[in-house]
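Worksheet for the structure shown next.
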Number of protein chains: 2
Amino acid sequence: MITERKKQVLEAVIKDYVKTAEPVGSRTIARHYMPEYSSATIRNEMSDLEEMGYLTQPHVSSGRVPNVHAYRLYVDHLINDGLINPIKDTGTEKALIARLQQMEDVVCTIAQSLSDMCRYTVAVMLPRQKDLRINSLQLMPISSARALLVVLTDAGIIRDAVVQVSSELTADDLYSISRAMSERFSGRTLSEVQGLLQGIAIHAKLEPRVMQGVGELAKQMEKQASADQLRVFGSQNILFHTEFSDVEKARSFLSAVEEKQNLLKLMSRGVKQGICAYIGHENGIVELEDCSVVVASYEMGNGHRGSVAVIGPMRMPYQELLTTLSSTASILSGMLKNSLGA
Amino acid sequence: MITERKKQVLEAVIKDYVKTAEPVGSRTIARHYMPEYSSATIRNEMSDLEEMGYLTQPHVSSGRVPNVHAYRLYVDHLINDGLINPIKDTGTEKALIARLQQMEDVVCTIAQSLSDMCRYTVAVMLPRQKDLRINSLQLMPISSARALLVVLTDAGIIRDAVVQVSSELTADDLYSISRAMSERFSGRTLSEVQGLLQGIAIHAKLEPRVMQGVGELAKQMEKQASADQLRVFGSQNILFHTEFSDVEKARSFLSAVEEKQNLLKLMSRGVKQGICAYIGHENGIVELEDCSVVVASYEMGNGHRGSVAVIGPMRMPYQELLTTLSSTASILSGMLKNSLGA
DNA sequence: GTTAGCACTCTCGCCTTTCGAGTGCTAACC
DNA sequence: GGTTAGCACTCGAAAGGCGAGAGTGCTAAC
C-alpha cells in the first residue's frame with residue numbers, strides 16, 4: 001500500500017523535478033518540502049517508491065526522477081479529487097469577440113494565445129465538418145465565367161470556392177440560383193449533399209455546372225474534414241524545454257506534430273470526456289513517447305464538439321496546466337455559444 | 001586586383017564549404033577542384049584572399065571559411081553574368097490550378113512546396129492590401145440581425161466579415177443593398193473606402209449599419225495589411241542545418257522570423273528588383289546577422305507585386321537557390337496572370 | 001611563377017584524476 | 001518500531017594532460 005507520506009514525497013519529487021529538470025535527491029526534499037523529516041527517512045521512502053515502480057534513478061548515485069506511473073497517479077489525484085477549478089471567465093471574451101466573428105477565428109486565436117501563455121505546443125480540433133448543416137449558399141460573380149460560391153453552415157463556419165458558370169448568367173441569375181439552392185440544401189449535412197445532387201439532376205434549370213461546383217465544394221470540405229480539422233500553434237515552444245536541447249529530438253517532435261493524423265486520432269478519443277491526460281507512451285505516438293498530451297473538449301451551441309490539447313514534455317506542471325486548459329475550454333465554449341450559431 | 005585564378009579558388013572554397021560546413025584546406029582545393037596546381041600554390045592564393053578580406057581562419061592552423069564579402073562577390077557574379085536561367089514552367093501549373101482558386105491559396109501552396117523542396121524557411125509577401133481595388137461586394141444573411149459581407153478585389157483576394165444589420169432586412173433587401181454598394185465602390189481602392197463612406201452618409205437609404213460594417217472591414221483589412229501580408233513556411237527547416245545545432249540559435253532565428261515586421265520591411269525593398277540576395281548583416285536584422293535572405297519578386301496580372309524569400313544560414317547553395325527561386329517566382333507570376341484577375 | 005619540404009600551431013579526441021552529490025547500510029536513539 | 005546520524009561507496013561531470021592529425025607559413029630549389 002502507498003501511505004499518505006509516500007504520496008507527499010512523490011508529489012514533492014514531481015514538483016521539484018518539474019521545476020528543475022534535474023534528478024531530485026532526498027536532502028532536497030527534506031529541506032524544501034518536508035522539513036519535519038530527515039533526509040534519511042525520505043531516502044527510505046524514496047527507495048520504497050522506486051521499488052513500487054514510481055521513481056527511477058538515472059544512475060545509481062544520483063537523485064530520482066518521476067516515472068510515467070508517478071505522473072499518472074498525480075494527475076488522477078488532481079482530476080478526481082476536484083483540485084481543478086476552472087477560473088470563471090474574466091472578461092477576455094468581450095475584448096475578443098468584437099473582432100472575431102467566425103468560429104475558426106475564435107478557436108485559433110484562443111489556441112494561439114494559450115500557446116503563448118503556457119509556452120507549450122497547442123493543438124485544436126475543429127468540429128467535424130461533414131456533420132455540419134448547411135445554412136445557406138450564395139453565388140457571387142467574379143468574372144464572366146466564374147463565380148464565388150459561399151457556403152454558410154450552422155457552426156458559424158464559412159467556406160468558399162470558385163466555381164465555373166456559364167458566361168451567360170447575370171448577377172441576378174446567380175442570385176436566384178442561390179436562393180433556390182439555399183432552399184433546397186438548407187438544413188442538410190454536407191455528406192447528404194452528394195446524394196441530393198443526384199436527385200436534383202432532373203431540375204436542370206438549375207445551372208448544372210453550379211451544381212457540380214456545389215458537389216465539388218462539398219467533396220472538398222469532406223476531404224478537408226480530416227486534414228484541416230486540426231490546427232497547431234506554437235510548435236516552436238518546444239525549444240524552450242531542456243529535454244529538447246538535442247536538435248534531433250526537437251526535429252522529431254516537430255515532424256510528429258506536423259503529421260496531424262496521429263494527433264487527430266488521439267484528440268478524437270478525448271473529445272467525449274471533459275479533460276484528460278495522456279502521459280508518455282499512453283498517447284500512442286511513437287515519436288511522442290517522451291511527451292504528454294493534455295486534452296480538453298469544448299462545445300458549440302448546437303451539439304458540435306471539438307477539443308484543445310497541450311503537448312509538451314512529460315515534465316509539465318500538470319496542476320496549473322489542467323486548470324488553465326479547462327478554463328480555456330470553458331471560456332471557448334461560452335464564446336461559441338453566445339456569439340454564433342442559433 | 002583579384003585575378004581569375006583567385007576567383008576560381010574562392011569559388012571552390014565556397015562550394016566546398018557549402019557542402020561540408022567545415023573550414024576548407026588548401027589540399028582539398030588542389031585535389032578536388034584545381035588539380036592542375038599544387039596545394040602550395042593554392043595556399044599562397046588563399047593567403048592573399050584572406051588579406052583581401054574574402055576568407056577567414058577560425059584559428060591559425062585550420063582551413064579557411066568564406067566571408068560575407070566572398071559570398072557577395074560570388075552572388076554578384078552569378079546574377080550579373082547571367083548564370084541564372086529560370087527553368088521553364090514544367091506543367092506543375094496545370095496540376096495545381098484545378099484546386100487552387102484564390103490568389104492566397106496559390107501563393108501559399110507554392111511557398112510551402114518550395115520550403116519542402118529546398119529545406120529552408122520561405123516567406124511570401126502578398127500584395128499590399130490597401131492598394132487593392134474592390135471588384136464587388138455581397139451581403140448574405142446569417143441570422144436575423146447579422147450578415148456576412150464578402151468583398152472581392154481585383155487581385156483575386158476575397159475577404160469577409162460578419163456585420164450587424166437591421167433585423168428587418170430580408171435577403172432580397174440585402175441583395176439590392178449589395179448591388180448598390182458594388183456599383184458605388186467598384187474600382188475604388190480600400191483606402192478610399194473610408195473617405196467615400198463620409199460622402200455617402202446622405203444616401204441614408206443604404207442601411208447605415210452596413211456602411212459601418214464596410215468601413216470596419218476596410219479598416220480591418222488595412223490593419224491586417226501588415227500583419228497578414230507576410231506568411232512564413234517551413235521555419236522548422238532551420239533545424240536541419242548544422243549552424244543551428246545550438247538550440248539557443250535556433251530559437252533566436254525562429255523568434256526573428258515570427259516577428260514579421262522586420263522581414264516585411266526587407267522584402268518590400270526587394271520587391272522592385274527581380275531577384276537579389278541580402279547576405280549576413282546586409283539584411284539588417286540583428287537576430288539574422290548570420291543568415292542570408294534571397295528575395296525574388298512576382299507579379300499579378302494587374303500591376304500588384306509581391307515577393308518570395310528564402311531564409312537560411314549564410315552557407316547556402318546560392319547557384320541552385322537563385323535558379324530555383326527565380327523559376328518559382330516566374331511560375332507564380334504566370335499562374336496568377338493566367339488564372340485570376342482580369 | 002610554381003612546387004617540395006619542413007617546422008610550427010592549434011583543435012580534437014582520449015585518458016586520467018579529482019570533486020561532489022547522492023545513495024545504501026548499520027547502529028544508535030526516542 | 002519508526003527515525004536519525006554517520007560512513008563507506010558509486011558514479012557522472014568537470015578539469016587537466018597527451019598524442020595525432022590537419023593545415024599553415026616560410027624557405028629554397030626548380
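Please note that chains go A, B, ... in the order of the C-alpha cells, that every chain numbers its residues from 1, and that ligands are numbered from 1 in the order shown.
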
| Residues of chain A within 7 Å of chain B, counting only C-alpha atoms, as a PyMOL selection string | chain A and resi 101+162+239+245+247+251

| request: Considering only C-alpha atoms (C1' of nucleotides), state which residue in the set D:DG1, D:DC7, D:DG21, D:DA13 is at the smallest distance from Ser62 of chain B. | output: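 Closest to Ser62 of chain B, using only C-alpha atoms (C1' of nucleotides): D:DG21.
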
What's around Asn283 of chain B at 12 Å? Count only C-alpha atoms (C1' of nucleotides), leave out sequence neighbours fewer than 2 positions away in its own chain, and write the answer as an mmCIF file with N, CA and C atoms, in the first residue's frame.
data_model
loop_
_atom_site.group_PDB
_atom_site.id
_atom_site.type_symbol
_atom_site.label_atom_id
_atom_site.label_comp_id
_atom_site.auth_asym_id
_atom_site.auth_seq_id
_atom_site.Cartn_x
_atom_site.Cartn_y
_atom_site.Cartn_z
ATOM 1 N N VAL B 68 31.392 37.175 -45.621
ATOM 2 C CA VAL B 68 30.268 37.875 -46.244
ATOM 3 C C VAL B 68 30.681 38.386 -47.620
ATOM 4 N N ASN B 262 10.109 43.119 -39.411
ATOM 5 C CA ASN B 262 11.433 43.329 -39.987
ATOM 6 C C ASN B 262 11.571 42.700 -41.364
ATOM 7 N N LEU B 263 11.119 41.474 -41.443
ATOM 8 C CA LEU B 263 11.188 40.766 -42.714
ATOM 9 C C LEU B 263 10.398 41.508 -43.783
ATOM 10 N N LEU B 264 9.254 41.999 -43.347
ATOM 11 C CA LEU B 264 8.375 42.690 -44.272
ATOM 12 C C LEU B 264 9.084 43.903 -44.879
ATOM 13 N N LYS B 265 9.767 44.604 -44.009
ATOM 14 C CA LYS B 265 10.479 45.792 -44.471
ATOM 15 C C LYS B 265 11.534 45.397 -45.508
ATOM 16 N N LEU B 266 12.267 44.354 -45.158
ATOM 17 C CA LEU B 266 13.329 43.885 -46.049
ATOM 18 C C LEU B 266 12.765 43.465 -47.398
ATOM 19 N N MET B 267 11.646 42.732 -47.341
ATOM 20 C CA MET B 267 11.103 42.197 -48.582
ATOM 21 C C MET B 267 10.434 43.275 -49.424
ATOM 22 N N ARG B 269 11.624 46.171 -49.785
ATOM 23 C CA ARG B 269 12.736 46.759 -50.516
ATOM 24 C C ARG B 269 13.031 45.972 -51.781
ATOM 25 N N GLY B 270 12.984 44.642 -51.646
ATOM 26 C CA GLY B 270 13.382 43.797 -52.760
ATOM 27 C C GLY B 270 12.333 43.670 -53.851
ATOM 28 N N CYS B 276 17.294 39.398 -55.659
ATOM 29 C CA CYS B 276 18.501 39.874 -55.007
ATOM 30 C C CYS B 276 18.743 39.131 -53.712
ATOM 31 N N ALA B 277 19.964 39.211 -53.225
ATOM 32 C CA ALA B 277 20.336 38.466 -52.029
ATOM 33 C C ALA B 277 20.882 39.420 -50.983
ATOM 34 N N TYR B 278 20.432 39.267 -49.763
ATOM 35 C CA TYR B 278 20.992 40.004 -48.638
ATOM 36 C C TYR B 278 21.798 39.025 -47.820
ATOM 37 N N ILE B 279 23.091 39.218 -47.821
ATOM 38 C CA ILE B 279 23.964 38.239 -47.179
ATOM 39 C C ILE B 279 24.410 38.739 -45.825
ATOM 40 N N GLY B 280 24.288 37.873 -44.836
ATOM 41 C CA GLY B 280 24.737 38.220 -43.486
ATOM 42 C C GLY B 280 24.100 39.508 -43.010
ATOM 43 N N HIS B 281 24.912 40.347 -42.394
ATOM 44 C CA HIS B 281 24.392 41.562 -41.773
ATOM 45 C C HIS B 281 23.683 42.487 -42.758
ATOM 46 N N ILE B 285 18.755 42.687 -39.998
ATOM 47 C CA ILE B 285 18.022 42.168 -38.846
ATOM 48 C C ILE B 285 19.028 41.532 -37.885
ATOM 49 N N VAL B 286 19.106 42.082 -36.707
ATOM 50 C CA VAL B 286 20.173 41.678 -35.785
ATOM 51 C C VAL B 286 20.205 40.172 -35.563
ATOM 52 N N GLU B 287 19.016 39.598 -35.310
ATOM 53 C CA GLU B 287 18.987 38.169 -34.997
ATOM 54 C C GLU B 287 19.375 37.325 -36.200
ATOM 55 N N LEU B 288 19.308 37.907 -37.365
ATOM 56 C CA LEU B 288 19.613 37.133 -38.569
ATOM 57 C C LEU B 288 20.946 37.530 -39.184
ATOM 58 N N GLU B 289 21.841 38.060 -38.362
ATOM 59 C CA GLU B 289 23.077 38.567 -38.959
ATOM 60 C C GLU B 289 23.973 37.445 -39.480
ATOM 61 N N ASP B 290 23.713 36.230 -39.049
ATOM 62 C CA ASP B 290 24.468 35.109 -39.608
ATOM 63 C C ASP B 290 23.684 34.381 -40.700
ATOM 64 N N CYS B 291 22.612 35.008 -41.149
ATOM 65 C CA CYS B 291 21.767 34.365 -42.148
ATOM 66 C C CYS B 291 21.722 35.184 -43.427
ATOM 67 N N SER B 292 21.289 34.518 -44.478
ATOM 68 C CA SER B 292 21.069 35.232 -45.722
ATOM 69 C C SER B 292 19.604 35.162 -46.111
ATOM 70 N N VAL B 293 19.169 36.190 -46.813
ATOM 71 C CA VAL B 293 17.801 36.225 -47.291
ATOM 72 C C VAL B 293 17.844 36.486 -48.795
ATOM 73 N N VAL B 294 17.288 35.570 -49.557
ATOM 74 C CA VAL B 294 17.265 35.748 -51.003
ATOM 75 C C VAL B 294 15.832 36.057 -51.421
ATOM 76 N N VAL B 295 15.654 37.168 -52.091
ATOM 77 C CA VAL B 295 14.305 37.644 -52.393
ATOM 78 C C VAL B 295 14.076 37.731 -53.896
ATOM 79 N N ALA B 309 10.766 34.925 -50.453
ATOM 80 C CA ALA B 309 12.119 34.926 -49.931
ATOM 81 C C ALA B 309 12.488 33.568 -49.372
ATOM 82 N N ILE B 311 15.062 32.014 -46.618
ATOM 83 C CA ILE B 311 15.892 32.447 -45.497
ATOM 84 C C ILE B 311 16.631 31.252 -44.943
ATOM 85 N N GLY B 312 17.924 31.385 -44.782
ATOM 86 C CA GLY B 312 18.704 30.268 -44.264
ATOM 87 C C GLY B 312 20.050 30.753 -43.780
ATOM 88 N N MET B 314 24.041 31.613 -43.817
ATOM 89 C CA MET B 314 24.813 32.256 -44.883
ATOM 90 C C MET B 314 25.318 31.222 -45.874
#

| D:DA15, D:DT3, D:DA28, D:DA8: which is nearest DT18 of chain C, counting only C-alpha atoms (C1' of nucleotides)? |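 Of D:DA15, D:DT3, D:DA28, D:DA8, the one nearest DT18 of chain C, counting only C-alpha atoms (C1' of nucleotides), is D:DA15.
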
| Near chain A, which residues of chain D fall within 10 Å when you count only C-alpha atoms (C1' of nucleotides), and what do they look like as a list in words? |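 Listed by rising number, the hits are DG2, DT3, DT4, DA5, DC9, DT10, DC11 and DG12 of chain D.
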
C-alpha atoms (C1' of nucleotides) of the current selection, written as a tab-separated table (two decimals), in the first residue's frame:
chain	number	residue	atom	x	y	z
D	2	DG	C1'	9.91	4.31	13.31
D	3	DT	C1'	13.53	7.91	12.87
D	4	DT	C1'	18.05	9.64	12.52
D	5	DA	C1'	23.28	10.22	12.30
D	9	DC	C1'	30.78	3.61	-1.70
D	10	DT	C1'	29.35	4.78	-6.55
D	11	DC	C1'	29.22	7.27	-10.45
D	12	DG	C1'	28.92	11.36	-13.52

| request: Would you kindly report the residues of chain C within 9 Å of chain B, using only C-alpha atoms (C1' of nucleotides), as a ChimeraX atom specification? | output: /C:2-4,9-11

Store the residues picked out above in a file with C-alpha atoms (C1' of nucleotides), as an mmCIF file, in the first residue's frame.
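Generated output (result.cif):
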data_model
loop_
_atom_site.group_PDB
_atom_site.id
_atom_site.type_symbol
_atom_site.label_atom_id
_atom_site.label_comp_id
_atom_site.auth_asym_id
_atom_site.auth_seq_id
_atom_site.Cartn_x
_atom_site.Cartn_y
_atom_site.Cartn_z
ATOM 1 C "C1'" DT C 2 55.424 27.096 -59.079
ATOM 2 C "C1'" DT C 3 56.489 23.468 -56.047
ATOM 3 C "C1'" DA C 4 58.581 20.388 -52.371
ATOM 4 C "C1'" DT C 9 50.388 25.724 -34.332
ATOM 5 C "C1'" DC C 10 46.137 24.560 -32.779
ATOM 6 C "C1'" DT C 11 41.992 21.611 -32.343
#

| task | Quote the spacing between atom CA of Cys118 of chain B and atom CA of Glu320 of chain B in Å to one decimal place. | result |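 Separating atom CA of Cys118 of chain B from atom CA of Glu320 of chain B is a distance of 9.4 Å.
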
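You will find atom CA of Gly25 of chain B at 28.2 Å from atom C1' of DG17 of chain D.
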
| request: Can you pull out every residue within 12 Å of Val13 of chain A, counting only C-alpha atoms (C1' of nucleotides), but drop anything in the same chain fewer than 5 positions away, and send it as a PyMOL selection string? | output: chain A and resi 6-8+18-30+32-34+42-43+45-46+49-50+54-56+63-67+70-71+74+315

Just to be explicit: take each residue in the selection above, keep C-alpha atoms, and write the result as a compact mmCIF listing (two decimals), in the first residue's frame.
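Final output, saved to result_21.txt:
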# COMPACT_ATOMS: atom_id res chain seq x y z
CA LYS A 6 4.75 8.34 0.38
CA LYS A 7 2.28 10.33 -1.65
CA GLN A 8 3.65 13.52 -0.17
CA VAL A 18 9.09 19.83 -12.99
CA LYS A 19 10.83 22.97 -11.82
CA THR A 20 14.46 21.97 -12.19
CA ALA A 21 14.55 19.13 -14.71
CA GLU A 22 17.25 17.55 -12.54
CA PRO A 23 17.05 14.30 -10.59
CA VAL A 24 15.84 15.07 -7.07
CA GLY A 25 17.80 13.95 -4.00
CA SER A 26 16.49 13.06 -0.61
CA ARG A 27 18.16 16.03 1.00
CA THR A 28 16.38 18.48 -1.29
CA ILE A 29 13.01 17.04 -0.41
CA ALA A 30 13.76 17.07 3.31
CA HIS A 32 12.44 22.26 0.91
CA TYR A 33 9.29 20.23 1.15
CA MET A 34 9.19 18.14 4.32
CA ILE A 42 12.97 10.44 2.90
CA ARG A 43 15.68 8.25 1.49
CA GLU A 45 10.62 6.28 1.40
CA MET A 46 12.16 7.02 -1.95
CA LEU A 49 8.77 4.25 -4.10
CA GLU A 50 11.40 3.11 -6.52
CA TYR A 54 7.09 5.20 -9.29
CA LEU A 55 10.59 6.55 -9.33
CA THR A 56 13.69 5.76 -11.32
CA GLY A 63 18.66 11.61 -7.28
CA ARG A 64 15.41 10.17 -8.54
CA VAL A 65 13.18 11.07 -11.40
CA PRO A 66 9.42 10.53 -11.53
CA ASN A 67 8.02 7.91 -13.78
CA ALA A 70 4.12 8.69 -10.87
CA TYR A 71 2.67 11.31 -13.17
CA TYR A 74 -0.54 12.54 -9.55
CA ARG A 315 7.66 17.01 -17.19

Name the residues of segment 100-144 of chain A that fall into strand (DSSP E or B) according to DSSP on the backbone, using the chain letters and numbers of this document, as a PDB file with N, CA, C and O atoms, in the first residue's frame.
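This is the output file selection24.pdb:
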ATOM      1  N   THR A 121       3.218  23.570 -26.967  1.00  0.00           N
ATOM      2  CA  THR A 121       2.534  23.465 -28.244  1.00  0.00           C
ATOM      3  C   THR A 121       1.056  23.209 -27.994  1.00  0.00           C
ATOM      4  O   THR A 121       0.705  22.431 -27.124  1.00  0.00           O
ATOM      5  N   VAL A 122       0.216  23.891 -28.735  1.00  0.00           N
ATOM      6  CA  VAL A 122      -1.221  23.717 -28.561  1.00  0.00           C
ATOM      7  C   VAL A 122      -1.832  23.270 -29.882  1.00  0.00           C
ATOM      8  O   VAL A 122      -1.500  23.798 -30.935  1.00  0.00           O
ATOM      9  N   ALA A 123      -2.699  22.283 -29.803  1.00  0.00           N
ATOM     10  CA  ALA A 123      -3.417  21.849 -30.996  1.00  0.00           C
ATOM     11  C   ALA A 123      -4.901  21.997 -30.747  1.00  0.00           C
ATOM     12  O   ALA A 123      -5.369  21.751 -29.637  1.00  0.00           O
ATOM     13  N   VAL A 124      -5.647  22.427 -31.741  1.00  0.00           N
ATOM     14  CA  VAL A 124      -7.100  22.439 -31.593  1.00  0.00           C
ATOM     15  C   VAL A 124      -7.720  21.598 -32.688  1.00  0.00           C
ATOM     16  O   VAL A 124      -7.276  21.597 -33.831  1.00  0.00           O
ATOM     17  N   MET A 125      -8.746  20.890 -32.283  1.00  0.00           N
ATOM     18  CA  MET A 125      -9.502  20.128 -33.252  1.00  0.00           C
ATOM     19  C   MET A 125     -10.821  20.843 -33.464  1.00  0.00           C
ATOM     20  O   MET A 125     -11.533  21.146 -32.508  1.00  0.00           O
ATOM     21  N   ARG A 133     -24.345  21.337 -40.685  1.00  0.00           N
ATOM     22  CA  ARG A 133     -25.528  21.530 -41.526  1.00  0.00           C
ATOM     23  C   ARG A 133     -25.404  22.832 -42.311  1.00  0.00           C
ATOM     24  O   ARG A 133     -24.958  23.841 -41.797  1.00  0.00           O
ATOM     25  N   ILE A 134     -25.845  22.762 -43.523  1.00  0.00           N
ATOM     26  CA  ILE A 134     -25.791  23.946 -44.373  1.00  0.00           C
ATOM     27  C   ILE A 134     -26.876  24.923 -43.959  1.00  0.00           C
ATOM     28  O   ILE A 134     -28.006  24.531 -43.704  1.00  0.00           O
ATOM     29  N   ASN A 135     -26.486  26.155 -43.864  1.00  0.00           N
ATOM     30  CA  ASN A 135     -27.456  27.187 -43.541  1.00  0.00           C
ATOM     31  C   ASN A 135     -27.968  27.842 -44.815  1.00  0.00           C
ATOM     32  O   ASN A 135     -29.139  27.883 -45.078  1.00  0.00           O
ATOM     33  N   SER A 136     -26.989  28.348 -45.576  1.00  0.00           N
ATOM     34  CA  SER A 136     -27.388  28.903 -46.866  1.00  0.00           C
ATOM     35  C   SER A 136     -26.196  28.934 -47.812  1.00  0.00           C
ATOM     36  O   SER A 136     -25.056  28.753 -47.404  1.00  0.00           O
ATOM     37  N   LEU A 137     -26.511  29.157 -49.056  1.00  0.00           N
ATOM     38  CA  LEU A 137     -25.494  29.203 -50.100  1.00  0.00           C
ATOM     39  C   LEU A 137     -25.627  30.516 -50.831  1.00  0.00           C
ATOM     40  O   LEU A 137     -26.730  31.053 -50.945  1.00  0.00           O
ATOM     41  N   GLN A 138     -24.521  31.016 -51.326  1.00  0.00           N
ATOM     42  CA  GLN A 138     -24.653  32.207 -52.146  1.00  0.00           C
ATOM     43  C   GLN A 138     -23.574  32.229 -53.217  1.00  0.00           C
ATOM     44  O   GLN A 138     -22.413  31.884 -52.967  1.00  0.00           O
ATOM     45  N   LEU A 139     -23.984  32.626 -54.404  1.00  0.00           N
ATOM     46  CA  LEU A 139     -23.038  32.764 -55.504  1.00  0.00           C
ATOM     47  C   LEU A 139     -22.818  34.236 -55.757  1.00  0.00           C
ATOM     48  O   LEU A 139     -23.767  35.019 -55.768  1.00  0.00           O
ATOM     49  N   MET A 140     -21.558  34.621 -55.957  1.00  0.00           N
ATOM     50  CA  MET A 140     -21.360  35.990 -56.416  1.00  0.00           C
ATOM     51  C   MET A 140     -20.415  36.010 -57.596  1.00  0.00           C
ATOM     52  O   MET A 140     -19.460  35.248 -57.658  1.00  0.00           O
ATOM     53  N   PRO A 141     -20.694  36.852 -58.557  1.00  0.00           N
ATOM     54  CA  PRO A 141     -19.902  36.849 -59.788  1.00  0.00           C
ATOM     55  C   PRO A 141     -18.482  37.346 -59.548  1.00  0.00           C
ATOM     56  O   PRO A 141     -18.265  38.289 -58.786  1.00  0.00           O
ATOM     57  N   ILE A 142     -17.534  36.677 -60.173  1.00  0.00           N
ATOM     58  CA  ILE A 142     -16.139  37.135 -60.100  1.00  0.00           C
ATOM     59  C   ILE A 142     -15.747  37.724 -61.437  1.00  0.00           C
ATOM     60  O   ILE A 142     -15.388  38.882 -61.559  1.00  0.00           O
ATOM     61  N   SER A 143     -15.789  36.883 -62.429  1.00  0.00           N
ATOM     62  CA  SER A 143     -15.520  37.380 -63.770  1.00  0.00           C
ATOM     63  C   SER A 143     -16.586  36.762 -64.660  1.00  0.00           C
ATOM     64  O   SER A 143     -17.529  36.147 -64.161  1.00  0.00           O
TER      65      SER A 143
END

| query | In terms of the shortest atom-to-atom distance over only C-alpha atoms, which of B:Gly234, B:Gly303, B:Gly284, B:Gly334 is closest to Met117 of chain B? | reply |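 Among the listed residues, B:Gly234 lies closest to Met117 of chain B.
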
| task | Apply DSSP to the structure's backbone, then extract all residues of segment 16-204 of chain A labelled alpha helix (DSSP H) and return them as a VMD selection string. | result | chain A and resid 16 to 20 26 to 32 39 to 51 68 to 80 92 to 97 103 to 118 171 to 185 190 to 200

Suppose we keep C-alpha atoms; can you now write the selection as a JSON list (two decimals), in the first residue's frame?
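Okay, this is what ended up in again.json:
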[["chain", "number", "residue", "atom", "x", "y", "z"],
["A", 16, "ASP", "CA", 10.80, 19.74, -7.84],
["A", 17, "TYR", "CA", 11.60, 17.82, -10.98],
["A", 18, "VAL", "CA", 9.09, 19.83, -12.99],
["A", 19, "LYS", "CA", 10.83, 22.97, -11.82],
["A", 20, "THR", "CA", 14.46, 21.97, -12.19],
["A", 26, "SER", "CA", 16.49, 13.06, -0.61],
["A", 27, "ARG", "CA", 18.16, 16.03, 1.00],
["A", 28, "THR", "CA", 16.38, 18.48, -1.29],
["A", 29, "ILE", "CA", 13.01, 17.04, -0.41],
["A", 30, "ALA", "CA", 13.76, 17.07, 3.31],
["A", 31, "ARG", "CA", 14.98, 20.65, 3.21],
["A", 32, "HIS", "CA", 12.44, 22.26, 0.91],
["A", 39, "SER", "CA", 16.91, 13.09, 4.65],
["A", 40, "ALA", "CA", 17.45, 9.50, 5.78],
["A", 41, "THR", "CA", 13.74, 8.99, 6.27],
["A", 42, "ILE", "CA", 12.97, 10.44, 2.90],
["A", 43, "ARG", "CA", 15.68, 8.25, 1.49],
["A", 44, "ASN", "CA", 13.94, 5.16, 2.79],
["A", 45, "GLU", "CA", 10.62, 6.28, 1.40],
["A", 46, "MET", "CA", 12.16, 7.02, -1.95],
["A", 47, "SER", "CA", 13.77, 3.64, -2.00],
["A", 48, "ASP", "CA", 10.36, 2.10, -1.40],
["A", 49, "LEU", "CA", 8.77, 4.25, -4.10],
["A", 50, "GLU", "CA", 11.40, 3.11, -6.52],
["A", 51, "GLU", "CA", 10.67, -0.48, -5.69],
["A", 68, "VAL", "CA", 5.05, 7.60, -16.12],
["A", 69, "HIS", "CA", 3.24, 5.90, -13.24],
["A", 70, "ALA", "CA", 4.12, 8.69, -10.87],
["A", 71, "TYR", "CA", 2.67, 11.31, -13.17],
["A", 72, "ARG", "CA", -0.34, 9.14, -13.77],
["A", 73, "LEU", "CA", -1.04, 8.83, -10.03],
["A", 74, "TYR", "CA", -0.54, 12.54, -9.55],
["A", 75, "VAL", "CA", -2.80, 13.57, -12.40],
["A", 76, "ASP", "CA", -5.53, 11.14, -11.39],
["A", 77, "HIS", "CA", -5.37, 12.58, -7.92],
["A", 78, "LEU", "CA", -5.69, 16.10, -9.30],
["A", 79, "ILE", "CA", -8.60, 15.28, -11.55],
["A", 80, "ASN", "CA", -10.57, 13.04, -9.22],
["A", 92, "THR", "CA", -11.43, 38.38, -22.11],
["A", 93, "GLU", "CA", -14.44, 37.31, -24.04],
["A", 94, "LYS", "CA", -15.76, 40.78, -24.63],
["A", 95, "ALA", "CA", -12.42, 42.12, -25.71],
["A", 96, "LEU", "CA", -12.02, 39.47, -28.32],
["A", 97, "ILE", "CA", -15.47, 38.97, -29.61],
["A", 103, "MET", "CA", -15.84, 30.27, -35.43],
["A", 104, "GLU", "CA", -12.43, 29.30, -36.71],
["A", 105, "ASP", "CA", -11.00, 32.69, -35.88],
["A", 106, "VAL", "CA", -12.24, 32.42, -32.35],
["A", 107, "VAL", "CA", -10.80, 28.98, -31.80],
["A", 108, "CYS", "CA", -7.49, 29.72, -33.44],
["A", 109, "THR", "CA", -6.97, 32.97, -31.62],
["A", 110, "ILE", "CA", -7.63, 31.32, -28.30],
["A", 111, "ALA", "CA", -5.27, 28.49, -29.14],
["A", 112, "GLN", "CA", -2.54, 30.87, -30.19],
["A", 113, "SER", "CA", -2.74, 32.88, -27.02],
["A", 114, "LEU", "CA", -2.86, 29.72, -24.93],
["A", 115, "SER", "CA", 0.33, 28.51, -26.51],
["A", 116, "ASP", "CA", 1.99, 31.89, -25.97],
["A", 117, "MET", "CA", 0.89, 31.85, -22.38],
["A", 118, "CYS", "CA", 1.96, 28.41, -21.31],
["A", 171, "ALA", "CA", -25.59, 38.60, -61.31],
["A", 172, "ASP", "CA", -29.34, 38.46, -60.90],
["A", 173, "ASP", "CA", -29.44, 34.95, -62.33],
["A", 174, "LEU", "CA", -26.80, 33.88, -59.87],
["A", 175, "TYR", "CA", -28.78, 35.38, -57.08],
["A", 176, "SER", "CA", -31.94, 33.50, -57.91],
["A", 177, "ILE", "CA", -29.99, 30.29, -58.36],
["A", 178, "SER", "CA", -28.51, 30.91, -54.92],
["A", 179, "ARG", "CA", -31.92, 31.29, -53.40],
["A", 180, "ALA", "CA", -33.21, 28.15, -54.98],
["A", 181, "MET", "CA", -30.21, 26.18, -53.85],
["A", 182, "SER", "CA", -30.33, 27.58, -50.35],
["A", 183, "GLU", "CA", -33.87, 26.48, -50.04],
["A", 184, "ARG", "CA", -33.11, 23.05, -51.25],
["A", 185, "PHE", "CA", -29.97, 22.39, -49.24],
["A", 190, "LEU", "CA", -22.60, 18.16, -46.15],
["A", 191, "SER", "CA", -22.49, 14.43, -46.55],
["A", 192, "GLU", "CA", -26.04, 14.48, -47.74],
["A", 193, "VAL", "CA", -25.28, 16.95, -50.49],
["A", 194, "GLN", "CA", -23.77, 14.37, -52.80],
["A", 195, "GLY", "CA", -26.89, 12.27, -52.69],
["A", 196, "LEU", "CA", -29.15, 15.24, -53.13],
["A", 197, "LEU", "CA", -27.31, 16.31, -56.23],
["A", 198, "GLN", "CA", -28.26, 13.07, -57.91],
["A", 199, "GLY", "CA", -31.91, 13.51, -57.21],
["A", 200, "ILE", "CA", -31.81, 17.08, -58.34]]
